[in-house]
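Visitor: Sharing a structure here in structure tokens format.
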Amino acid sequence: IANDKWLTAQALANAAVAVPRSVSGVSRARVLEALRLPILSKPRQGRGGRGIEVYDDAAALGEPSPDRVYQEFLSGDEYDVNIFAGTGGEPVALVVLRKTQLKGGRVGNASAVERTTAPDVAELARAASRALALEGPIDMDVRRNARGRPLILEINARVGANVRAADEVL
């Protein structure tokens, strides 16, 4: 599931874990009906922030591809949550890093992070790990919406790029 960003969003939503409004494999009209601008588009299978686009106006959207996920763009702080989970997705170690600089400006991988205490972000990541019964190293991207509520952007079932700032996860 974590290898497919669309399946991840669906599985988490079905488990009542907060994710952005998302659509995939639909018409342009459906994307614009379901999501307010700006709209984020990303490959269903991707890594390292490759292929992410943000559309600020409807004319730039073009015709949606079934190989992409379209989500409401969240404008708040972004976090990289590094987890090592045991049986049933129970975190053995969990570290929340706030992304202080993004390589792509508004989106993408972090070029700088800082450790932070964000209990609501940590609890959301725990809930996602348990809901999907993930085990082993996990890298989650979480972002706050305009109201400050954290939502899971995606889950990578691997060691994260910023894990050196979260030694206990290793």
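Convention: chains lettered A, B, ... in structure tokens order; per-chain residue numbering from 1; ligands numbered from 1 as shown.
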List as a list in words the protein and nucleic acid residues near A:Glu53, meaning an atom at most 7 Å away when only C-alpha atoms are counted, but skip any in the same chain fewer than 5 places from it.
Guide: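 The contact residues come out as Leu40, Ser41 and Lys42 of chain A.
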Visitor: With N, CA and C atoms retained, could you export that selection as a short mmCIF file (atom, residue, chain, number, x, y, z; two decimals), in the first residue's frame?
Guide:
data_model
loop_
_atom_site.label_atom_id
_atom_site.label_comp_id
_atom_site.auth_asym_id
_atom_site.auth_seq_id
_atom_site.Cartn_x
_atom_site.Cartn_y
_atom_site.Cartn_z
N LEU A 40 -2.23 20.10 -5.68
CA LEU A 40 -0.95 19.41 -5.78
C LEU A 40 -1.14 18.14 -6.59
N SER A 41 -0.21 17.85 -7.47
CA SER A 41 -0.23 16.63 -8.28
C SER A 41 1.09 15.92 -8.09
N LYS A 42 1.03 14.59 -7.91
CA LYS A 42 2.26 13.81 -7.75
C LYS A 42 2.06 12.42 -8.33
#
Visitor: Could you give me the residues within chain A that DSSP places in strand (DSSP E), as a JSON list (two decimals) with N, CA and C atoms, in the first residue's frame?
Guide:
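Output (states-v9.json):
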[["chain", "number", "residue", "atom", "x", "y", "z"],
["A", 22, "SER", "N", -8.27, 13.90, -1.80],
["A", 22, "SER", "CA", -7.47, 13.33, -2.88],
["A", 22, "SER", "C", -8.36, 12.69, -3.93],
["A", 23, "VAL", "N", -7.92, 12.77, -5.19],
["A", 23, "VAL", "CA", -8.59, 12.08, -6.29],
["A", 23, "VAL", "C", -7.51, 11.55, -7.23],
["A", 24, "SER", "N", -7.87, 10.52, -8.01],
["A", 24, "SER", "CA", -6.92, 9.96, -8.97],
["A", 24, "SER", "C", -7.68, 9.35, -10.13],
["A", 39, "ILE", "N", -3.86, 23.13, -6.28],
["A", 39, "ILE", "CA", -3.94, 21.67, -6.32],
["A", 39, "ILE", "C", -2.54, 21.11, -6.48],
["A", 40, "LEU", "N", -2.23, 20.10, -5.68],
["A", 40, "LEU", "CA", -0.95, 19.41, -5.78],
["A", 40, "LEU", "C", -1.14, 18.14, -6.59],
["A", 41, "SER", "N", -0.21, 17.85, -7.47],
["A", 41, "SER", "CA", -0.23, 16.63, -8.28],
["A", 41, "SER", "C", 1.09, 15.92, -8.09],
["A", 42, "LYS", "N", 1.03, 14.59, -7.91],
["A", 42, "LYS", "CA", 2.26, 13.81, -7.75],
["A", 42, "LYS", "C", 2.06, 12.42, -8.33],
["A", 43, "PRO", "N", 3.17, 11.77, -8.72],
["A", 43, "PRO", "CA", 3.06, 10.40, -9.25],
["A", 43, "PRO", "C", 2.55, 9.44, -8.18],
["A", 53, "GLU", "N", 3.95, 18.67, -8.69],
["A", 53, "GLU", "CA", 3.58, 19.96, -9.28],
["A", 53, "GLU", "C", 2.46, 20.58, -8.46],
["A", 54, "VAL", "N", 2.47, 21.90, -8.38],
["A", 54, "VAL", "CA", 1.39, 22.64, -7.72],
["A", 54, "VAL", "C", 0.77, 23.56, -8.76],
["A", 55, "TYR", "N", -0.54, 23.46, -8.89],
["A", 55, "TYR", "CA", -1.28, 24.28, -9.85],
["A", 55, "TYR", "C", -2.03, 25.37, -9.09],
["A", 68, "ARG", "N", -1.31, 9.60, -11.62],
["A", 68, "ARG", "CA", -1.01, 10.67, -10.68],
["A", 68, "ARG", "C", -2.12, 10.78, -9.64],
["A", 69, "VAL", "N", -1.76, 11.34, -8.49],
["A", 69, "VAL", "CA", -2.71, 11.63, -7.42],
["A", 69, "VAL", "C", -2.83, 13.15, -7.36],
["A", 70, "TYR", "N", -4.06, 13.63, -7.21],
["A", 70, "TYR", "CA", -4.34, 15.06, -7.10],
["A", 70, "TYR", "C", -4.89, 15.31, -5.71],
["A", 71, "GLN", "N", -4.28, 16.28, -5.02],
["A", 71, "GLN", "CA", -4.68, 16.55, -3.63],
["A", 71, "GLN", "C", -4.81, 18.05, -3.41],
["A", 72, "GLU", "N", -5.61, 18.37, -2.39],
["A", 72, "GLU", "CA", -5.64, 19.77, -1.96],
["A", 72, "GLU", "C", -4.23, 20.11, -1.48],
["A", 78, "GLU", "N", 5.53, 21.68, 7.20],
["A", 78, "GLU", "CA", 5.67, 20.28, 6.78],
["A", 78, "GLU", "C", 6.65, 19.57, 7.71],
["A", 79, "TYR", "N", 6.37, 18.30, 7.96],
["A", 79, "TYR", "CA", 7.17, 17.49, 8.88],
["A", 79, "TYR", "C", 7.60, 16.20, 8.21],
["A", 80, "ASP", "N", 8.74, 15.70, 8.65],
["A", 80, "ASP", "CA", 9.24, 14.40, 8.25],
["A", 80, "ASP", "C", 9.24, 13.57, 9.53],
["A", 81, "VAL", "N", 8.39, 12.56, 9.58],
["A", 81, "VAL", "CA", 8.31, 11.71, 10.77],
["A", 81, "VAL", "C", 9.03, 10.41, 10.46],
["A", 82, "ASN", "N", 10.06, 10.14, 11.23],
["A", 82, "ASN", "CA", 10.85, 8.91, 11.09],
["A", 82, "ASN", "C", 10.44, 7.95, 12.18],
["A", 83, "ILE", "N", 10.11, 6.73, 11.77],
["A", 83, "ILE", "CA", 9.60, 5.72, 12.71],
["A", 83, "ILE", "C", 10.32, 4.41, 12.47],
["A", 84, "PHE", "N", 10.52, 3.67, 13.54],
["A", 84, "PHE", "CA", 10.81, 2.24, 13.43],
["A", 84, "PHE", "C", 9.67, 1.56, 14.15],
["A", 85, "ALA", "N", 8.89, 0.75, 13.40],
["A", 85, "ALA", "CA", 7.69, 0.12, 13.95],
["A", 85, "ALA", "C", 7.89, -1.37, 14.14],
["A", 91, "PRO", "N", 4.94, 1.87, 16.99],
["A", 91, "PRO", "CA", 6.26, 2.50, 16.94],
["A", 91, "PRO", "C", 7.13, 2.13, 18.13],
["A", 92, "VAL", "N", 8.34, 1.71, 17.84],
["A", 92, "VAL", "CA", 9.35, 1.45, 18.85],
["A", 92, "VAL", "C", 10.15, 2.74, 19.06],
["A", 93, "ALA", "N", 10.36, 3.47, 17.97],
["A", 93, "ALA", "CA", 11.03, 4.77, 18.02],
["A", 93, "ALA", "C", 10.32, 5.68, 17.03],
["A", 94, "LEU", "N", 10.14, 6.95, 17.41],
["A", 94, "LEU", "CA", 9.45, 7.92, 16.56],
["A", 94, "LEU", "C", 10.07, 9.29, 16.81],
["A", 95, "VAL", "N", 10.49, 9.95, 15.73],
["A", 95, "VAL", "CA", 11.08, 11.28, 15.82],
["A", 95, "VAL", "C", 10.40, 12.18, 14.80],
["A", 96, "VAL", "N", 9.96, 13.35, 15.27],
["A", 96, "VAL", "CA", 9.33, 14.34, 14.38],
["A", 96, "VAL", "C", 10.37, 15.41, 14.05],
["A", 97, "LEU", "N", 10.55, 15.61, 12.75],
["A", 97, "LEU", "CA", 11.44, 16.65, 12.25],
["A", 97, "LEU", "C", 10.61, 17.66, 11.47],
["A", 98, "ARG", "N", 10.80, 18.93, 11.75],
["A", 98, "ARG", "CA", 10.11, 19.97, 10.97],
["A", 98, "ARG", "C", 11.03, 20.35, 9.82],
["A", 99, "LYS", "N", 10.45, 20.36, 8.61],
["A", 99, "LYS", "CA", 11.22, 20.75, 7.44],
["A", 99, "LYS", "C", 11.32, 22.27, 7.44],
["A", 100, "THR", "N", 12.54, 22.78, 7.59],
["A", 100, "THR", "CA", 12.73, 24.23, 7.66],
["A", 100, "THR", "C", 13.05, 24.83, 6.29],
["A", 101, "GLN", "N", 13.42, 23.97, 5.35],
["A", 101, "GLN", "CA", 13.69, 24.43, 3.98],
["A", 101, "GLN", "C", 13.42, 23.28, 3.03],
["A", 102, "LEU", "N", 12.69, 23.57, 1.95],
["A", 102, "LEU", "CA", 12.35, 22.56, 0.95],
["A", 102, "LEU", "C", 13.12, 22.83, -0.34],
["A", 110, "ALA", "N", 13.28, 17.87, 1.94],
["A", 110, "ALA", "CA", 13.83, 18.90, 2.82],
["A", 110, "ALA", "C", 15.31, 19.06, 2.55],
["A", 111, "SER", "N", 15.76, 20.31, 2.51],
["A", 111, "SER", "CA", 17.20, 20.56, 2.46],
["A", 111, "SER", "C", 17.70, 20.93, 3.86],
["A", 112, "ALA", "N", 16.75, 21.15, 4.79],
["A", 112, "ALA", "CA", 17.11, 21.40, 6.19],
["A", 112, "ALA", "C", 15.94, 21.00, 7.08],
["A", 113, "VAL", "N", 16.26, 20.39, 8.23],
["A", 113, "VAL", "CA", 15.24, 19.98, 9.19],
["A", 113, "VAL", "C", 15.70, 20.32, 10.60],
["A", 114, "GLU", "N", 14.72, 20.37, 11.52],
["A", 114, "GLU", "CA", 15.05, 20.53, 12.94],
["A", 114, "GLU", "C", 14.13, 19.61, 13.73],
["A", 115, "ARG", "N", 14.69, 19.03, 14.78],
["A", 115, "ARG", "CA", 13.86, 18.20, 15.66],
["A", 115, "ARG", "C", 12.86, 19.09, 16.36],
["A", 136, "GLY", "N", 9.03, -2.05, 10.59],
["A", 136, "GLY", "CA", 10.36, -1.68, 10.11],
["A", 136, "GLY", "C", 10.49, -0.17, 9.98],
["A", 137, "PRO", "N", 11.45, 0.27, 9.15],
["A", 137, "PRO", "CA", 11.67, 1.71, 8.99],
["A", 137, "PRO", "C", 10.57, 2.36, 8.16],
["A", 138, "ILE", "N", 10.13, 3.52, 8.60],
["A", 138, "ILE", "CA", 9.04, 4.24, 7.92],
["A", 138, "ILE", "C", 9.40, 5.73, 7.90],
["A", 139, "ASP", "N", 9.11, 6.35, 6.79],
["A", 139, "ASP", "CA", 9.32, 7.79, 6.61],
["A", 139, "ASP", "C", 7.98, 8.37, 6.19],
["A", 140, "MET", "N", 7.41, 9.26, 6.99],
["A", 140, "MET", "CA", 6.11, 9.86, 6.68],
["A", 140, "MET", "C", 6.26, 11.35, 6.48],
["A", 141, "ASP", "N", 5.54, 11.86, 5.50],
["A", 141, "ASP", "CA", 5.45, 13.29, 5.29],
["A", 141, "ASP", "C", 4.09, 13.76, 5.77],
["A", 142, "VAL", "N", 4.11, 14.77, 6.62],
["A", 142, "VAL", "CA", 2.90, 15.32, 7.23],
["A", 142, "VAL", "C", 2.94, 16.83, 7.03],
["A", 143, "ARG", "N", 1.79, 17.41, 6.73],
["A", 143, "ARG", "CA", 1.72, 18.87, 6.59],
["A", 143, "ARG", "C", 0.46, 19.37, 7.26],
["A", 144, "ARG", "N", 0.55, 20.58, 7.79],
["A", 144, "ARG", "CA", -0.61, 21.20, 8.42],
["A", 144, "ARG", "C", -1.45, 21.94, 7.37],
["A", 150, "PRO", "N", -2.77, 18.64, 11.33],
["A", 150, "PRO", "CA", -1.84, 17.84, 10.54],
["A", 150, "PRO", "C", -2.57, 16.75, 9.74],
["A", 151, "LEU", "N", -2.08, 16.52, 8.52],
["A", 151, "LEU", "CA", -2.61, 15.46, 7.65],
["A", 151, "LEU", "C", -1.43, 14.72, 7.04],
["A", 152, "ILE", "N", -1.61, 13.41, 6.83],
["A", 152, "ILE", "CA", -0.55, 12.58, 6.22],
["A", 152, "ILE", "C", -0.54, 12.84, 4.72],
["A", 153, "LEU", "N", 0.61, 13.27, 4.19],
["A", 153, "LEU", "CA", 0.76, 13.46, 2.75],
["A", 153, "LEU", "C", 1.10, 12.15, 2.06],
["A", 154, "GLU", "N", 2.04, 11.42, 2.65],
["A", 154, "GLU", "CA", 2.44, 10.14, 2.08],
["A", 154, "GLU", "C", 3.28, 9.37, 3.08],
["A", 155, "ILE", "N", 3.42, 8.07, 2.78],
["A", 155, "ILE", "CA", 4.22, 7.18, 3.61],
["A", 155, "ILE", "C", 5.22, 6.48, 2.71],
["A", 156, "ASN", "N", 6.47, 6.46, 3.14],
["A", 156, "ASN", "CA", 7.51, 5.73, 2.43],
["A", 156, "ASN", "C", 7.97, 4.60, 3.35]]
Visitor: What parts of stretch 25-163 of chain A does DSSP call helix (DSSP H, G or I)? I'd like the answer as JSON, numbers by chain.
Guide: {"A": [28, 29, 30, 31, 32, 33, 34, 58, 59, 60, 87, 88, 89, 119, 120, 121, 122, 123, 124, 125, 126, 127, 128, 129, 130, 131, 132, 163]}
Visitor: How many Å separate atom CA of A:Ser129 from atom CA of A:Asp4?
Guide: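 A separation of 15.4 Å between them.
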Visitor: State, in Å with one decimal place, the distance from atom CA of A:Ala146 to atom CA of A:Leu74.
Guide: 6.8 Å
Visitor: Pick the closest to A:Arg28 from A:Gly51, A:Gly160, A:Pro66, A:Pro119: which is it, counting only C-alpha atoms?
Guide: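 Checking each candidate against A:Arg28, we get A:Pro66 as the closest.
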Visitor: So that I can see what lies close to A:Ser27, please list as a PDB file with N, CA, C and O atoms, in the first residue's frame the residues with an atom at most 9 Å from it, counting only C-alpha atoms and leaving out residues fewer than 4 positions away in the same chain.
Guide:
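Written out: around_11.pdb:
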ATOM      1  N   VAL A  31     -11.561  16.671 -10.963  1.00  0.00           N
ATOM      2  CA  VAL A  31     -10.492  17.186 -10.097  1.00  0.00           C
ATOM      3  C   VAL A  31     -10.858  18.586  -9.614  1.00  0.00           C
ATOM      4  O   VAL A  31     -10.771  18.897  -8.420  1.00  0.00           O
ATOM      5  N   LEU A  32     -11.301  19.440 -10.548  1.00  0.00           N
ATOM      6  CA  LEU A  32     -11.632  20.825 -10.182  1.00  0.00           C
ATOM      7  C   LEU A  32     -12.886  20.903  -9.316  1.00  0.00           C
ATOM      8  O   LEU A  32     -13.012  21.809  -8.495  1.00  0.00           O
ATOM      9  N   GLU A  63      -5.136  17.827 -18.651  1.00  0.00           N
ATOM     10  CA  GLU A  63      -5.959  16.624 -18.469  1.00  0.00           C
ATOM     11  C   GLU A  63      -5.275  15.694 -17.471  1.00  0.00           C
ATOM     12  O   GLU A  63      -4.120  15.316 -17.656  1.00  0.00           O
ATOM     13  N   PRO A  64      -5.956  15.326 -16.397  1.00  0.00           N
ATOM     14  CA  PRO A  64      -5.358  14.456 -15.375  1.00  0.00           C
ATOM     15  C   PRO A  64      -4.948  13.088 -15.913  1.00  0.00           C
ATOM     16  O   PRO A  64      -5.548  12.569 -16.855  1.00  0.00           O
ATOM     17  N   SER A  65      -3.936  12.520 -15.292  1.00  0.00           N
ATOM     18  CA  SER A  65      -3.438  11.200 -15.644  1.00  0.00           C
ATOM     19  C   SER A  65      -3.793  10.204 -14.545  1.00  0.00           C
ATOM     20  O   SER A  65      -3.691  10.537 -13.362  1.00  0.00           O
TER      21      SER A  65
END
